[in-house]
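Text of model_29.txt (compact mmCIF, C-alpha atoms) as supplied:
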# COMPACT_ATOMS: atom_id res chain seq x y z
CA MET A 1 0.00 0.00 0.00
CA SER A 2 1.32 3.47 -0.88
CA ALA A 3 2.42 5.97 1.75
CA THR A 4 0.10 8.85 2.64
CA GLN A 5 0.68 12.59 2.81
CA THR A 6 -1.62 15.03 4.57
CA PHE A 7 -1.97 18.42 2.93
CA LEU A 8 -2.47 21.23 5.45
CA LEU A 9 -4.51 24.29 4.52
CA PRO A 10 -1.78 26.79 3.54
CA ASP A 11 -1.41 30.44 4.43
CA LEU A 12 -4.05 32.27 2.42
CA GLY A 13 -2.41 35.68 2.70
CA GLU A 14 -4.10 39.01 3.46
CA GLY A 15 -4.14 38.11 7.18
CA LEU A 16 -6.74 35.37 6.62
CA THR A 17 -6.64 32.55 9.18
CA GLU A 18 -9.45 30.24 8.07
CA ALA A 19 -11.54 29.18 5.11
CA GLU A 20 -14.91 27.52 4.64
CA ILE A 21 -15.13 24.45 2.43
CA VAL A 22 -17.67 25.33 -0.25
CA ARG A 23 -17.51 21.90 -1.87
CA TRP A 24 -15.15 19.04 -2.45
CA LEU A 25 -14.10 18.40 -6.03
CA VAL A 26 -12.88 14.88 -5.18
CA GLU A 27 -14.07 11.91 -3.14
CA VAL A 28 -12.26 9.22 -1.17
CA GLY A 29 -10.84 6.79 -3.71
CA ASP A 30 -10.49 9.34 -6.50
CA VAL A 31 -7.19 9.64 -8.35
CA VAL A 32 -5.66 13.11 -8.37
CA ALA A 33 -2.71 14.56 -10.25
CA VAL A 34 -0.36 17.28 -9.01
CA ASP A 35 -2.00 20.72 -9.22
CA ALA A 36 -5.44 19.18 -9.77
CA PRO A 37 -8.06 21.16 -7.78
CA VAL A 38 -9.39 19.17 -4.82
CA ALA A 39 -11.69 21.68 -3.12
CA GLU A 40 -13.33 25.08 -3.45
CA VAL A 41 -12.88 27.16 -0.31
CA GLU A 42 -14.35 30.52 0.59
CA THR A 43 -12.46 33.11 2.59
CA ALA A 44 -13.60 36.53 3.68
CA LYS A 45 -12.14 37.79 0.40
CA SER A 46 -13.06 35.35 -2.35
CA ILE A 47 -13.73 31.77 -3.47
CA VAL A 48 -10.68 29.89 -4.70
CA GLU A 49 -9.75 26.38 -5.76
CA VAL A 50 -7.15 24.52 -3.72
CA PRO A 51 -4.69 22.52 -5.87
CA SER A 52 -3.17 19.29 -4.64
CA PRO A 53 0.63 19.22 -4.15
CA TYR A 54 0.58 15.41 -4.40
CA ALA A 55 -0.43 12.81 -6.98
CA GLY A 56 -2.18 9.70 -5.80
CA VAL A 57 -5.43 8.30 -4.39
CA VAL A 58 -7.58 10.37 -2.03
CA ALA A 59 -7.52 8.62 1.35
CA GLU A 60 -9.40 11.09 3.59
CA LEU A 61 -11.24 14.42 3.43
CA HIS A 62 -10.80 16.44 6.61
CA GLY A 63 -14.09 18.30 6.79
CA THR A 64 -17.43 18.49 5.08
CA ALA A 65 -18.95 21.10 2.78
CA GLY A 66 -19.89 24.08 4.93
CA SER A 67 -17.31 23.38 7.64
CA THR A 68 -14.46 25.76 8.47
CA VAL A 69 -10.78 24.78 8.40
CA ASP A 70 -8.05 26.80 10.11
CA VAL A 71 -4.82 27.59 8.29
CA GLY A 72 -2.25 24.91 9.13
CA LYS A 73 -4.88 22.24 9.86
CA PRO A 74 -5.36 19.06 7.76
CA LEU A 75 -7.41 19.51 4.59
CA ILE A 76 -6.91 16.27 2.67
CA THR A 77 -4.86 13.07 2.94
CA ILE A 78 -3.58 11.42 -0.22
CA GLY A 79 -1.98 8.04 -0.81
CA VAL A 80 0.96 9.29 -2.87
CA LEU A 81 2.71 7.55 -5.72
CA ALA A 82 4.95 4.67 -4.70
CA PRO A 83 8.79 4.68 -5.00
CA ALA A 84 8.68 3.75 -8.70
CA ALA A 85 7.31 7.22 -9.40
CA GLU A 86 9.04 8.99 -6.51
CA THR A 87 11.24 11.17 -8.70
CA TYR A 88 8.22 12.43 -10.61
CA ARG A 89 6.34 13.17 -7.41
CA GLU A 90 9.21 15.11 -5.90
CA GLU A 91 9.61 17.22 -9.02
CA GLU A 92 5.91 18.00 -8.98
CA LYS A 93 5.86 18.75 -5.26
CA ALA A 94 8.82 21.11 -5.57
CA GLY A 95 6.84 23.29 -7.93
CA SER A 96 3.46 23.01 -6.25
CA GLY A 97 3.66 22.82 -2.48
CA ASN A 98 3.82 26.54 -1.81
CA VAL A 99 1.83 28.09 -4.64
CA LEU A 100 -0.77 30.72 -3.86
CA ILE A 101 -4.19 29.11 -3.62
CA GLY A 102 -6.25 29.50 -6.76
CA TYR A 103 -3.31 29.91 -9.11
CA GLY A 104 -1.74 26.45 -9.38
CA THR A 105 1.85 26.02 -10.53
CA PRO A 106 2.98 28.35 -13.31
CA GLU A 107 4.41 26.61 -16.36
CA SER A 108 7.70 27.96 -17.64
CA ALA A 109 10.46 26.69 -19.88
CA GLY A 110 13.07 27.37 -17.25
CA SER A 111 11.37 25.51 -14.41
CA GLY A 112 13.02 22.18 -15.17
CA ARG A 113 9.73 20.41 -14.53
CA ARG A 114 8.34 17.63 -16.69
CA ARG A 115 4.95 16.03 -16.59
CA MET A 116 4.28 12.31 -16.70
CA PRO A 117 1.55 11.48 -19.23
CA ARG A 118 -1.87 11.21 -17.60
CA SER A 119 -2.24 7.55 -18.56
CA THR A 120 1.07 6.80 -16.82
CA VAL A 121 -0.11 8.52 -13.66
CA VAL A 122 -3.31 6.48 -13.69
CA GLU A 123 -1.51 3.20 -14.26
CA SER A 124 1.08 3.94 -11.55
CA VAL A 125 -1.56 4.77 -8.98
CA VAL A 126 -3.77 1.83 -9.88
CA GLU A 127 -0.79 -0.52 -9.57
CA LYS A 128 0.22 0.74 -6.13
CA ALA A 129 -3.15 1.73 -4.67
CA PRO A 130 -5.03 -0.52 -2.20
CA ALA A 131 -6.58 -3.47 -4.01
CA ARG A 132 -10.31 -2.85 -3.93
CA SER A 133 -12.84 -2.88 -6.70
CA THR A 134 -14.73 0.16 -5.39
CA VAL A 135 -12.06 2.78 -6.20
CA PRO A 136 -13.60 5.19 -8.79
CA LEU A 137 -10.75 6.30 -11.05
CA VAL A 138 -11.42 9.96 -11.89
CA ILE A 139 -8.92 12.70 -12.69
CA SER A 140 -10.97 15.38 -14.49
CA PRO A 141 -12.64 17.95 -12.18
CA LEU A 142 -15.23 18.46 -14.92
CA VAL A 143 -16.21 14.78 -14.82
CA ARG A 144 -16.47 14.87 -11.02
CA ARG A 145 -18.57 18.01 -11.13
CA MET A 146 -20.92 16.54 -13.76
CA ALA A 147 -21.42 13.49 -11.57
CA LYS A 148 -22.03 15.54 -8.42
CA ASP A 149 -24.51 17.87 -10.11
CA ALA A 150 -26.44 14.89 -11.50
CA LYS A 151 -26.13 12.94 -8.21
CA ILE A 152 -24.34 10.08 -9.96
CA ASP A 153 -22.51 7.62 -7.68
CA LEU A 154 -19.10 7.23 -9.32
CA HIS A 155 -18.57 3.94 -7.47
CA ALA A 156 -21.33 2.50 -9.64
CA VAL A 157 -19.82 3.77 -12.92
CA THR A 158 -17.54 1.58 -15.02
CA GLY A 159 -14.72 3.56 -16.61
CA SER A 160 -13.95 3.14 -20.29
CA GLY A 161 -10.68 5.06 -20.25
CA ALA A 162 -7.10 3.83 -19.82
CA GLY A 163 -6.72 1.65 -16.74
CA GLY A 164 -10.46 1.88 -16.02
CA LEU A 165 -10.43 5.70 -15.87
CA ILE A 166 -13.92 7.23 -15.68
CA VAL A 167 -14.24 9.77 -18.47
CA ARG A 168 -16.94 12.22 -19.53
CA ARG A 169 -18.78 9.82 -21.83
CA ASP A 170 -19.15 7.36 -18.93
CA VAL A 171 -20.87 9.94 -16.73
CA GLU A 172 -23.02 11.17 -19.61
CA ALA A 173 -24.17 7.60 -20.18
CA ALA A 174 -24.98 7.22 -16.47
CA ILE A 175 -26.95 10.47 -16.49
CA ALA A 176 -28.94 9.37 -19.53
CA GLY A 177 -29.89 6.14 -17.79
CA GLN A 178 -30.82 7.45 -14.35
CA LYS A 179 -34.37 7.86 -13.10
CA PRO A 180 -35.71 11.18 -11.78
CA ALA A 181 -35.07 11.50 -8.06
CA LEU A 182 -38.02 11.93 -5.73
CA VAL A 183 -38.32 15.34 -4.09
CA GLU A 184 -38.51 15.04 -0.34
CA GLU A 185 -40.96 17.43 1.29
CA THR A 186 -40.02 18.90 4.62
CA VAL A 187 -41.99 20.96 7.08
CA GLY A 188 -40.14 23.92 8.59
CA THR A 189 -40.01 24.81 12.26
CA VAL A 190 -42.64 27.33 13.33
CA GLU A 191 -41.06 30.63 14.38
CA SER A 192 -42.60 31.87 17.64
CA ARG A 193 -42.86 35.60 16.92
CA THR A 194 -44.73 35.36 13.61
CA GLY A 195 -46.25 31.91 13.83
CA LEU A 196 -44.94 31.21 10.33
CA ALA A 197 -43.08 28.07 9.33
CA GLU A 198 -39.43 28.56 8.43
CA LEU A 199 -38.84 27.80 4.75
CA ARG A 200 -35.08 27.38 5.08
CA ARG A 201 -32.04 28.43 7.11
CA ILE A 202 -28.95 29.59 5.24
CA PRO A 203 -25.62 29.69 7.11
CA VAL A 204 -23.82 33.01 6.82
CA SER A 205 -20.56 32.26 4.99
CA GLY A 206 -17.22 33.90 5.67
CA PHE A 207 -17.68 35.99 2.53
CA ARG A 208 -21.10 37.25 3.57
CA LYS A 209 -19.81 37.96 7.07
CA ALA A 210 -17.05 40.11 5.60
CA VAL A 211 -19.52 42.00 3.39
CA ALA A 212 -21.88 42.56 6.32
CA SER A 213 -19.02 43.78 8.50
CA THR A 214 -17.84 46.26 5.86
CA LEU A 215 -21.32 47.66 5.20
CA SER A 216 -22.16 47.90 8.90
CA ARG A 217 -18.92 49.73 9.61
CA SER A 218 -19.64 52.11 6.75
CA ARG A 219 -23.04 52.99 8.25
CA ARG A 220 -21.59 53.42 11.74
CA GLU A 221 -18.58 55.56 10.88
CA ILE A 222 -19.31 57.54 7.73
CA PRO A 223 -21.52 60.66 7.80
CA GLU A 224 -22.70 60.22 4.24
CA ALA A 225 -24.65 62.48 1.95
CA THR A 226 -26.18 61.84 -1.47
CA THR A 227 -26.52 64.05 -4.53
CA TRP A 228 -27.87 63.10 -7.94
CA VAL A 229 -28.57 64.45 -11.41
CA ASP A 230 -30.51 63.38 -14.51
CA VAL A 231 -28.27 63.08 -17.56
CA ASP A 232 -28.94 63.00 -21.31
CA ALA A 233 -26.80 60.03 -22.44
CA THR A 234 -27.92 60.10 -26.07
CA ALA A 235 -24.56 61.31 -27.36
CA LEU A 236 -22.74 58.78 -25.18
CA LEU A 237 -24.62 55.90 -26.83
CA GLU A 238 -23.94 57.40 -30.25
CA VAL A 239 -20.20 57.63 -29.56
CA ARG A 240 -20.25 54.06 -28.31
CA GLU A 241 -21.81 52.90 -31.58
CA SER A 242 -19.41 54.98 -33.66
CA LEU A 243 -16.47 53.12 -32.15
CA ARG A 244 -17.76 49.76 -33.43
CA THR A 245 -16.40 48.31 -36.64
CA ALA A 246 -16.83 45.04 -38.48
CA THR A 247 -13.66 43.69 -36.88
CA ASP A 248 -13.55 45.62 -33.59
CA ALA A 249 -16.35 45.84 -31.05
CA GLY A 250 -14.68 48.85 -29.46
CA PRO A 251 -14.76 49.75 -25.76
CA GLY A 252 -18.01 49.03 -23.97
CA LEU A 253 -20.32 51.60 -22.44
CA LEU A 254 -19.11 50.86 -18.90
CA ALA A 255 -15.50 51.39 -19.99
CA LEU A 256 -16.36 54.85 -21.36
CA MET A 257 -18.17 55.70 -18.13
CA ALA A 258 -15.18 54.48 -16.14
CA ARG A 259 -12.81 56.66 -18.16
CA PHE A 260 -14.87 59.77 -17.37
CA VAL A 261 -15.03 58.83 -13.67
CA VAL A 262 -11.26 58.46 -13.50
CA ALA A 263 -10.82 61.86 -15.14
CA GLY A 264 -13.24 63.36 -12.65
CA LEU A 265 -11.30 61.92 -9.72
CA LYS A 266 -8.12 63.52 -11.03
CA LYS A 267 -9.90 66.88 -10.92
CA TYR A 268 -11.53 66.20 -7.54
CA PRO A 269 -9.02 64.01 -5.61
CA GLU A 270 -10.86 64.51 -2.31
CA LEU A 271 -13.22 61.71 -3.38
CA ASN A 272 -10.35 59.32 -4.09
CA GLY A 273 -8.88 58.62 -0.67
CA PHE A 274 -9.68 57.60 2.90
CA VAL A 275 -9.97 58.98 6.41
CA ASP A 276 -7.08 58.04 8.70
CA THR A 277 -8.93 58.23 12.01
CA GLU A 278 -5.87 57.26 14.06
CA ARG A 279 -3.91 60.30 12.84
CA ASP A 280 -6.88 62.59 12.14
CA GLU A 281 -5.82 63.03 8.54
CA LEU A 282 -7.62 63.02 5.19
CA VAL A 283 -5.55 61.02 2.71
CA GLN A 284 -5.75 61.40 -1.06
CA TYR A 285 -4.31 58.78 -3.43
CA ASP A 286 -1.92 59.47 -6.27
CA GLY A 287 -3.70 57.29 -8.81
CA VAL A 288 -7.00 55.43 -9.05
CA ASN A 289 -7.90 51.79 -8.45
CA LEU A 290 -11.44 51.82 -9.78
CA GLY A 291 -13.79 49.39 -8.03
CA LEU A 292 -16.68 47.97 -10.06
CA ALA A 293 -19.63 46.47 -8.23
CA ALA A 294 -20.53 43.07 -9.71
CA GLN A 295 -23.35 40.71 -8.75
CA THR A 296 -22.43 37.01 -8.62
CA GLU A 297 -24.06 33.81 -7.44
CA ARG A 298 -22.22 34.21 -4.13
CA GLY A 299 -23.29 37.83 -3.65
CA LEU A 300 -22.06 41.33 -4.46
CA VAL A 301 -18.32 41.75 -5.00
CA VAL A 302 -16.32 44.88 -5.85
CA PRO A 303 -13.13 44.00 -7.74
CA ALA A 304 -10.94 46.92 -8.77
CA VAL A 305 -9.11 47.85 -11.96
CA ALA A 306 -5.65 48.61 -10.63
CA ASP A 307 -4.01 51.81 -11.93
CA ALA A 308 -7.11 52.72 -13.89
CA HIS A 309 -5.70 56.23 -14.37
CA LEU A 310 -3.02 54.77 -16.67
CA LEU A 311 -5.46 53.01 -18.98
CA THR A 312 -7.30 54.15 -22.09
CA ALA A 313 -10.97 53.33 -22.62
CA ARG A 314 -9.87 50.22 -24.51
CA GLY A 315 -7.54 49.20 -21.70
CA LEU A 316 -10.30 49.71 -19.16
CA ASP A 317 -12.64 47.63 -21.29
CA ARG A 318 -10.20 44.69 -21.33
CA GLU A 319 -9.71 44.80 -17.57
CA ILE A 320 -13.43 45.18 -16.84
CA ARG A 321 -14.20 42.12 -18.96
CA ARG A 322 -11.43 40.12 -17.30
CA LEU A 323 -12.58 41.03 -13.79
CA THR A 324 -16.22 40.36 -14.64
CA SER A 325 -15.33 36.90 -15.91
CA ALA A 326 -13.17 36.19 -12.85
CA ALA A 327 -15.97 37.35 -10.54
CA ARG A 328 -18.47 35.08 -12.25
CA ASP A 329 -16.11 32.10 -11.92
CA GLY A 330 -15.12 32.93 -8.32
CA LYS A 331 -11.48 33.46 -9.35
CA LEU A 332 -10.88 36.97 -8.07
CA THR A 333 -7.78 37.39 -5.93
CA PRO A 334 -7.91 38.92 -2.43
CA HIS A 335 -5.94 41.90 -3.72
CA GLU A 336 -8.38 42.55 -6.57
CA LEU A 337 -11.24 42.51 -4.08
CA SER A 338 -9.67 44.87 -1.56
CA CYS A 339 -7.49 47.39 -3.42
CA GLY A 340 -10.20 49.76 -4.70
CA SER A 341 -9.95 53.50 -4.00
CA PHE A 342 -13.36 54.52 -5.48
CA THR A 343 -16.38 52.50 -6.64
CA LEU A 344 -18.52 52.76 -9.77
CA ASN A 345 -21.83 50.90 -9.44
CA ASN A 346 -23.80 50.24 -12.62
CA TYR A 347 -27.06 49.29 -10.90
CA GLY A 348 -28.91 50.19 -14.07
CA SER A 349 -28.08 46.67 -15.22
CA PHE A 350 -30.76 45.54 -12.73
CA GLY A 351 -33.36 47.72 -14.45
CA VAL A 352 -33.58 50.40 -11.73
CA ASP A 353 -33.27 54.17 -12.05
CA GLY A 354 -31.55 55.11 -8.80
CA SER A 355 -30.17 53.90 -5.50
CA ALA A 356 -28.86 55.33 -2.24
CA ALA A 357 -25.80 53.08 -2.18
CA ILE A 358 -23.61 52.32 0.84
CA ILE A 359 -20.00 53.49 0.59
CA ASN A 360 -17.52 50.64 0.40
CA HIS A 361 -15.47 51.33 3.56
CA PRO A 362 -12.71 52.56 3.82
CA GLN A 363 -13.41 54.40 0.55
CA VAL A 364 -15.12 57.77 0.80
CA ALA A 365 -17.48 57.82 -2.18
CA ILE A 366 -19.43 55.68 -4.64
CA LEU A 367 -21.00 56.71 -7.95
CA GLY A 368 -24.10 54.92 -9.20
CA VAL A 369 -25.47 54.82 -12.75
CA GLY A 370 -29.12 54.02 -13.36
CA ARG A 371 -30.71 52.41 -16.41
CA ILE A 372 -30.68 54.33 -19.69
CA ILE A 373 -34.21 54.67 -21.08
CA ASP A 374 -36.23 56.83 -23.48
CA ARG A 375 -37.75 59.88 -21.77
CA PRO A 376 -39.08 63.28 -22.82
CA TRP A 377 -36.37 65.97 -22.61
CA VAL A 378 -36.15 69.59 -23.66
CA VAL A 379 -33.44 70.20 -26.29
CA ASP A 380 -32.93 73.74 -27.61
CA GLY A 381 -36.38 74.72 -26.38
CA GLN A 382 -38.08 71.78 -28.05
CA LEU A 383 -39.47 68.62 -26.47
CA ALA A 384 -37.69 65.50 -27.71
CA VAL A 385 -37.30 61.84 -26.81
CA ARG A 386 -33.78 61.26 -25.47
CA LYS A 387 -31.79 58.53 -23.74
CA LEU A 388 -31.86 59.52 -20.07
CA THR A 389 -30.06 58.12 -17.06
CA GLN A 390 -29.52 59.18 -13.47
CA LEU A 391 -26.18 59.55 -11.70
CA SER A 392 -26.08 59.46 -7.91
CA LEU A 393 -23.04 60.17 -5.77
CA VAL A 394 -22.85 59.09 -2.14
CA PHE A 395 -19.91 60.73 -0.39
CA ASP A 396 -18.30 61.02 3.03
CA HIS A 397 -19.06 64.52 4.28
CA ARG A 398 -15.86 64.48 6.33
CA VAL A 399 -13.66 64.68 3.24
CA CYS A 400 -15.46 67.41 1.33
CA ASP A 401 -18.51 69.63 1.25
CA GLY A 402 -21.45 69.56 -1.14
CA GLY A 403 -19.76 71.93 -3.58
CA THR A 404 -16.90 69.52 -4.29
CA ALA A 405 -19.26 66.55 -4.60
CA ALA A 406 -21.53 68.49 -6.95
CA GLY A 407 -18.53 69.61 -9.00
CA PHE A 408 -17.39 66.02 -9.52
CA LEU A 409 -20.90 64.85 -10.35
CA ARG A 410 -21.40 67.66 -12.84
CA PHE A 411 -18.04 66.92 -14.48
CA VAL A 412 -19.01 63.29 -15.08
CA ALA A 413 -22.51 64.28 -16.22
CA ASP A 414 -21.09 66.78 -18.73
CA ALA A 415 -18.76 64.07 -20.07
CA PHE A 416 -21.76 61.77 -20.54
CA GLU A 417 -23.62 64.51 -22.45
CA SER A 418 -20.62 65.61 -24.56
CA PRO A 419 -18.45 62.48 -24.74
CA ALA A 420 -16.57 63.36 -27.94
CA SER A 421 -15.33 66.59 -26.43
CA ALA A 422 -14.44 64.87 -23.15
CA LEU A 423 -12.51 62.08 -24.88
CA ALA A 424 -10.56 64.61 -26.92
CA ASP A 425 -9.22 66.08 -23.67
CA LEU A 426 -8.25 62.74 -22.10

Can I see the file as structure tokens?
Amino acid sequence: MSATQTFLLPDLGEGLTEAEIVRWLVEVGDVVAVDAPVAEVETAKSIVEVPSPYAGVVAELHGTAGSTVDVGKPLITIGVLAPAAETYREEEKAGSGNVLIGYGTPESAGSGRRRMPRSTVVESVVEKAPARSTVPLVISPLVRRMAKDAKIDLHAVTGSGAGGLIVRRDVEAAIAGQKPALVEETVGTVESRTGLAELRRIPVSGFRKAVASTLSRSRREIPEATTWVDVDATALLEVRESLRTATDAGPGLLALMARFVVAGLKKYPELNGFVDTERDELVQYDGVNLGLAAQTERGLVVPAVADAHLLTARGLDREIRRLTSAARDGKLTPHELSCGSFTLNNYGSFGVDGSAAIINHPQVAILGVGRIIDRPWVVDGQLAVRKLTQLSLVFDHRVCDGGTAAGFLRFVADAFESPASALADL
């Protein structure tokens, strides 16, 4: 029987000391390769995949989905490859044991690492693993996820791949042949105050706790004020369309908005900083990390475009798309989620006109953009149908007065209404 290695939850950085297991991507008996993701964990900053530093057969999972694991405590135990493959394992471990969670091991020509073919890994593990017919041989996280989502028991699936490896077609065949599962009805506990039955109870995750803490602190500490303005965005939409070509989609609408916001913060730096309460000082940043509120399945996140002041509208568009994709996949880094200096919230994407947003502490302001819709508007003394939106600025009254806030808001609004002129000056 092969030797076992227990992988301890590594240092997650950013001062984080624990993580919640969102779900396991492997089961006891599964075969894993080096750098293969074994679990999704959620910290107060983000959701990341944990890669395995060992290749072998999963022997034990230390914790269940929803449980919390402290840094330095056992996460998973793996029956590693036997001596015949020891050199390969050591090479893999050397490049994987200390990688930052969620990134895996970077491939580079100068690393001196080599990978054993997947079929060789499977055959080596099968040869040295405990002799039992119930070991489900699975390497692909996609195959495991398909089986979990469809509630397929991999122990009951016969693999058609090399060495009995369970591959995608095997799970698809099992899904096609399964019967619909019966839905179990449950009766909730009756809550005493209302007399109503409880539909469900949802544990507050580490991520939600962090969000709640930040928003609560913002309400407690920041004397906020809100100002807003209706804006004719007809010309902005026209400029956006004029930048499209047959081969180039051009920067998106949000990227153009972001570029105007960054320019406004350069003119009104009071809104791009924080309050140092320990030293009684108002701090202004030299540069902008523009936070962008994004709704995901796990809740609202605010990743930031680092050094947004150095980017063109096209550069902002690329970064916004990358961050949006990473947010949707739960791949944002702790730094991306915490480095923002000002937040732009496009709540118009939810089909609403306005919102009194909460400032993302320790920032001092947040700008919201409502939906853009057709409305009657007076142009040169004549009533016309125009594309209208509403901008709302929530700001910390400690860092500036209403005049500064109104000046910034008017600057951005003017850029929306005369975007060609604004872009010419940027």

Report, as lines of an AutoDock Vina configuration file, the centre and edge lengths in Å (one decimal) of the axis-aligned box enclosing every listed atom of stretch 198-214 of chain A, padded by 3 Å on each side.
center_x = -28.2
center_y = 36.8
center_z = 5.5
size_x = 28.4
size_y = 24.9
size_z = 12.0

Nearest to A:Arg220 by atom-to-atom distance, counting only C-alpha atoms, from A:His361, A:Gln382, A:Phe350, A:Val157:
A:His361

Can I get the residues of stretch 384-405 of chain A within 12 Å of stretch 416-424 of chain A, each with the closest pair of atoms and their distance in Å to one decimal, using all atoms listed in the file, sorted chain first then ascending number, as a tab-separated table?
residue	atom	partner	partner_atom	distance
A:Arg386	CA	A:Glu417	CA	11.1
A:Lys387	CA	A:Glu417	CA	10.2
A:Leu388	CA	A:Glu417	CA	9.9
A:Thr389	CA	A:Phe416	CA	9.7
A:Gln390	CA	A:Phe416	CA	10.8
A:Leu391	CA	A:Phe416	CA	10.1

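Distance-wise, atom CA of A:Gly56 and atom CA of A:Ile78 end up 6.0 Å apart.
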
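Relative to atom CA of A:Arg322, atom CA of A:Pro269 is found at 26.7 Å.
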
From (-31.6, 54.3, -2.3), in the file's coordinates, out to 10 Å: which residues are reached, counting all atoms listed in the file? Answer as a PDB file with C-alpha atoms, in the frame of the given file.
ATOM      1  CA  THR A 226     -26.180  61.840  -1.470  1.00  0.00           C
ATOM      2  CA  ASP A 353     -33.270  54.170 -12.050  1.00  0.00           C
ATOM      3  CA  GLY A 354     -31.550  55.110  -8.800  1.00  0.00           C
ATOM      4  CA  SER A 355     -30.170  53.900  -5.500  1.00  0.00           C
ATOM      5  CA  ALA A 356     -28.860  55.330  -2.240  1.00  0.00           C
ATOM      6  CA  ALA A 357     -25.800  53.080  -2.180  1.00  0.00           C
ATOM      7  CA  ILE A 358     -23.610  52.320   0.840  1.00  0.00           C
ATOM      8  CA  SER A 392     -26.080  59.460  -7.910  1.00  0.00           C
ATOM      9  CA  VAL A 394     -22.850  59.090  -2.140  1.00  0.00           C
TER      10      VAL A 394
END

Excluding A:Asn345 and residues on its chain fewer than 6 positions from it, collect all residues at most 9 Å away from it, counting only C-alpha atoms, and give them as a CSV table (one decimal) with C-alpha atoms, in the frame of the given file.
chain,number,residue,atom,x,y,z
A,291,GLY,CA,-13.8,49.4,-8.0
A,292,LEU,CA,-16.7,48.0,-10.1
A,293,ALA,CA,-19.6,46.5,-8.2
A,294,ALA,CA,-20.5,43.1,-9.7
A,302,VAL,CA,-16.3,44.9,-5.8
A,357,ALA,CA,-25.8,53.1,-2.2
A,366,ILE,CA,-19.4,55.7,-4.6
A,367,LEU,CA,-21.0,56.7,-8.0
A,368,GLY,CA,-24.1,54.9,-9.2
A,369,VAL,CA,-25.5,54.8,-12.8
A,370,GLY,CA,-29.1,54.0,-13.4

If you count all atoms listed in the file, which residues fall within 6 Å of A:Asn272, apart from same-chain ones fewer than 3 positions away, as a PyMOL selection string?
chain A and resi 269+284+341-342

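Near (-6.0, 20.8, -7.4), the residues that fall inside 7 Å on the basis of only C-alpha atoms are Val34, Asp35, Ala36, Pro37, Val38, Glu49, Val50, Pro51 and Ser52 of chain A.
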
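Interatomic distance, atom CA of A:Pro136 against atom CA of A:Ile47: 27.1 Å.
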